[in-house]
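Asker: Below is the structure I would like to discuss, written out as structure tokens.
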Amino acid sequence: MEKSLARGHRPAMPVWAMAAAILLLAGGLSGCIGGPDGGPRATKASPTPDIAAAGDPQAPSPGAMKIGTGSVKIALILPLSGPGATVGTALRNAAELAVEDFQKPDLQILVKDDRGSPDGAREAAQAALSEGAELVLGPLFAANVQAAAGVTRAAGKPIIAFSTDASVAARSVYLLSFLPQTEVDRVVDEAVAAGRRSFAALIPESSYGNAVEAQFREAVARKGARLVGIERYAPGAPAPAISRLAGLINGPGAQADALFLPESPEGLAIVAPALAKAGFSPSRVKPIGTAVWNDPRLFALPALQGGWFAAADSKGFSDFSQRYQARFGSAPPRVATLAYDAVSLMAALSRQYGSQRFADATLTTQAGFSGIDGTFRFRPEGVSDRALAIYEIRSGAPAIVSPAPRTLGPSGT
């Protein structure tokens, strides 16, 4: 089994399947083990007393909470109060669900509240390490990741965070998140494979726009395609930029055959009508975007019909969402799967790799791992790769036109 996980040319092993196989080899389980990869679910055990039920007024305070009673201690640092507390609570709930589904893994999760601030994240990391944590999961926000990483790096411990800001990634500071750079690579690759060779872009003047522009330029160049024009615009005011780009994207003589629109649903509600008004035809120039397009508010916009965007296959999240709602009584935010996959992975690695369970070489295996949102892996420099699907907007709904691959190719290709 170690070979199947470590070899880059084989499919990534689902963390569920990995743990099941380990336990079965040890003779510790009957055939009822399974999980979100399609196997039968194990009968859910009642939460142990050290798992605080969501919303339970008798539950321990967030700063003192622990999940599990195993010998391997890891920390989970989240905003359980202050900014982001709602999302932080959902991430904590997802961690609880992972422990329950995994049938008492040898983990003890020290849940710490960073109060949504860098100072809180630093203090939480210090407290967790003083209590014996071997690895930190979280925080959520980029500034808090930086603060916590300063503590973990000095102690020689890895951190697996949930920020989408790739600038905070580094060796031993890994990001298990939906990075826009990966989405840009995937959608450009698919567009080129479909014969699109000339790209233009309308990019908002925002931190998100800054993050994706550099990756877009690199992806187009790497695939040997042409970049015929890029225009930036102030959020909410795309008309001047569209006018400057009009000769490249409008009419039968358009030089571009794909238009990159990395914009939020709120922004696209302004950009798309402005494009249509200017004469843009998506049947001539294919609109392409990132996972922020995956929003029902966009699917009827005329300028986006036939457009492609890259995102994780939604089936895994749909199944997870149903189980989460049955357990906690509310629908989870999209990012909740990150905590579930992180805890599941830690449980599986602790069973397979012994003292090397959280070593950099273990965490960065080329084959990667398979979670709720598909195959993922950590690069040595800290960012992650994900296997993503390509969706096409058709008649008011998204449809997969290129499934997420089961394996990941070499990084940077």
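Labels used: A, B, ... for chains in the order of the structure tokens, numbers from 1 for residues in each chain, and numbers from 1 for ligands as shown.
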When you look at region 336-341 of chain A with a cut-off of 9 Å (counting only C-alpha atoms), what residues show up, excluding the ones that are within fewer than 6 positions of it in the same chain? I need them as a PyMOL selection string.
Answerer: chain A and resi 15+76+87-88+90-99+137-138+162+176-178+317+320-321+370-373
Asker: Okay, now the selection with N, CA, C and O atoms, as a tab-separated table (two decimals), in the first residue's frame?
Answerer:
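In the end it all went to result-v6.tsv:
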chain	number	residue	atom	x	y	z
A	15	VAL	N	-8.23	8.79	0.97
A	15	VAL	CA	-7.88	8.67	2.38
A	15	VAL	C	-8.80	7.69	3.09
A	15	VAL	O	-8.38	6.98	4.00
A	76	LEU	N	-6.19	22.19	15.55
A	76	LEU	CA	-7.10	22.76	14.57
A	76	LEU	C	-7.37	24.19	15.00
A	76	LEU	O	-8.07	24.43	15.99
A	87	VAL	N	-18.02	30.42	9.60
A	87	VAL	CA	-17.28	29.46	8.79
A	87	VAL	C	-16.38	28.60	9.67
A	87	VAL	O	-16.26	27.39	9.48
A	88	GLY	N	-15.75	29.23	10.66
A	88	GLY	CA	-14.89	28.47	11.57
A	88	GLY	C	-15.64	27.36	12.29
A	88	GLY	O	-15.12	26.24	12.44
A	90	ALA	N	-18.29	25.82	11.22
A	90	ALA	CA	-18.59	24.76	10.25
A	90	ALA	C	-17.37	23.89	9.98
A	90	ALA	O	-17.49	22.66	9.85
A	91	LEU	N	-16.20	24.47	9.93
A	91	LEU	CA	-14.97	23.70	9.74
A	91	LEU	C	-14.73	22.79	10.94
A	91	LEU	O	-14.33	21.63	10.79
A	92	ARG	N	-14.99	23.29	12.13
A	92	ARG	CA	-14.87	22.44	13.32
A	92	ARG	C	-15.87	21.28	13.26
A	92	ARG	O	-15.53	20.13	13.57
A	93	ASN	N	-17.09	21.58	12.86
A	93	ASN	CA	-18.09	20.51	12.74
A	93	ASN	C	-17.65	19.45	11.75
A	93	ASN	O	-17.83	18.24	11.97
A	94	ALA	N	-17.07	19.89	10.63
A	94	ALA	CA	-16.62	18.94	9.61
A	94	ALA	C	-15.50	18.06	10.16
A	94	ALA	O	-15.42	16.87	9.83
A	95	ALA	N	-14.65	18.62	11.00
A	95	ALA	CA	-13.60	17.83	11.64
A	95	ALA	C	-14.21	16.77	12.55
A	95	ALA	O	-13.76	15.62	12.58
A	96	GLU	N	-15.23	17.13	13.29
A	96	GLU	CA	-15.93	16.16	14.14
A	96	GLU	C	-16.53	15.03	13.30
A	96	GLU	O	-16.44	13.85	13.66
A	97	LEU	N	-17.14	15.41	12.18
A	97	LEU	CA	-17.76	14.42	11.32
A	97	LEU	C	-16.71	13.44	10.78
A	97	LEU	O	-16.96	12.23	10.70
A	98	ALA	N	-15.55	13.96	10.44
A	98	ALA	CA	-14.48	13.09	9.93
A	98	ALA	C	-14.04	12.09	10.99
A	98	ALA	O	-13.84	10.91	10.70
A	99	VAL	N	-13.90	12.54	12.23
A	99	VAL	CA	-13.50	11.64	13.31
A	99	VAL	C	-14.56	10.56	13.53
A	99	VAL	O	-14.25	9.38	13.69
A	137	LEU	N	-3.58	22.21	11.72
A	137	LEU	CA	-4.54	22.41	10.64
A	137	LEU	C	-5.15	23.80	10.81
A	137	LEU	O	-5.55	24.17	11.91
A	138	GLY	N	-5.27	24.56	9.72
A	138	GLY	CA	-5.72	25.94	9.81
A	138	GLY	C	-4.50	26.85	9.94
A	138	GLY	O	-3.37	26.38	9.85
A	162	PHE	N	-5.98	26.72	5.40
A	162	PHE	CA	-7.15	26.76	4.53
A	162	PHE	C	-7.27	28.08	3.75
A	162	PHE	O	-8.30	28.34	3.14
A	176	LEU	N	-4.29	23.60	1.85
A	176	LEU	CA	-5.33	22.68	1.39
A	176	LEU	C	-6.57	23.53	1.13
A	176	LEU	O	-7.43	23.68	1.98
A	177	SER	N	-6.63	24.12	-0.03
A	177	SER	CA	-7.71	25.06	-0.33
A	177	SER	C	-7.94	25.05	-1.83
A	177	SER	O	-7.23	24.39	-2.59
A	178	PHE	N	-8.94	25.79	-2.26
A	178	PHE	CA	-9.24	25.90	-3.68
A	178	PHE	C	-8.51	27.12	-4.23
A	178	PHE	O	-9.00	28.25	-4.16
A	317	PHE	N	-19.15	17.10	-2.86
A	317	PHE	CA	-19.68	18.05	-1.88
A	317	PHE	C	-21.15	17.82	-1.63
A	317	PHE	O	-21.63	17.96	-0.50
A	320	PHE	N	-21.44	14.99	0.80
A	320	PHE	CA	-20.97	15.46	2.10
A	320	PHE	C	-22.00	16.38	2.75
A	320	PHE	O	-22.28	16.29	3.95
A	321	SER	N	-22.56	17.28	1.95
A	321	SER	CA	-23.52	18.25	2.48
A	321	SER	C	-24.73	17.56	3.10
A	321	SER	O	-25.23	17.98	4.17
A	370	SER	N	-6.77	11.36	-2.37
A	370	SER	CA	-8.11	11.55	-2.91
A	370	SER	C	-9.09	11.86	-1.79
A	370	SER	O	-9.24	11.07	-0.86
A	371	GLY	N	-9.73	13.02	-1.86
A	371	GLY	CA	-10.67	13.44	-0.83
A	371	GLY	C	-12.05	13.67	-1.40
A	371	GLY	O	-12.37	13.27	-2.53
A	372	ILE	N	-12.88	14.33	-0.64
A	372	ILE	CA	-14.25	14.60	-1.06
A	372	ILE	C	-14.30	15.37	-2.37
A	372	ILE	O	-15.15	15.12	-3.23
A	373	ASP	N	-13.40	16.32	-2.54
A	373	ASP	CA	-13.41	17.16	-3.73
A	373	ASP	C	-12.48	16.65	-4.82
A	373	ASP	O	-12.12	17.40	-5.73
Asker: Check the DSSP output for the backbone and give back, as number ranges by chain, the residues of region 161-263 of chain A in alpha helix (DSSP H).
Answerer: A: 180-193, 207-222, 239-249
Asker: Using only C-alpha atoms, which of the listed residues (A:Ile109, A:Ala85, A:Ala361, A:Val188) sits closest to Arg222 (chain A)?
Answerer: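 Closest to Arg222 (chain A), using only C-alpha atoms: A:Val188.
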Asker: For Ile203 (chain A), work out the shell of residues within 12 Å, counting only C-alpha atoms and skipping chain neighbours fewer than 4 positions away, then give it as an MDAnalysis selection string.
Answerer: chainID A and resid 207:214 216:217 229:238 241:242 245 259:264 267:268 271 288:289
Asker: Which residue, A:Ser198, A:Val343, A:Ala303, A:Ala193, has the smallest gap to Leu110 (chain A) when you use only C-alpha atoms?
Answerer: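 Once distances to Leu110 (chain A) are computed over only C-alpha atoms, the minimum belongs to A:Val343.
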Asker: Calculate how many Å separate CA of Ala258 (chain A) from CA of Ala191 (chain A), rounding to one decimal.
Answerer: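 Separation of CA of Ala258 (chain A) and CA of Ala191 (chain A): 7.7 Å.
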Asker: To one decimal in Å, tell me the separation between CA of Thr69 (chain A) and CA of Leu107 (chain A).
Answerer: 6.4 Å
Asker: To one decimal place, how far is CA of Ala300 (chain A) from CA of Gly396 (chain A) in Å?
Answerer: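 Atom-to-atom, CA of Ala300 (chain A) and CA of Gly396 (chain A) are spaced 4.6 Å apart.
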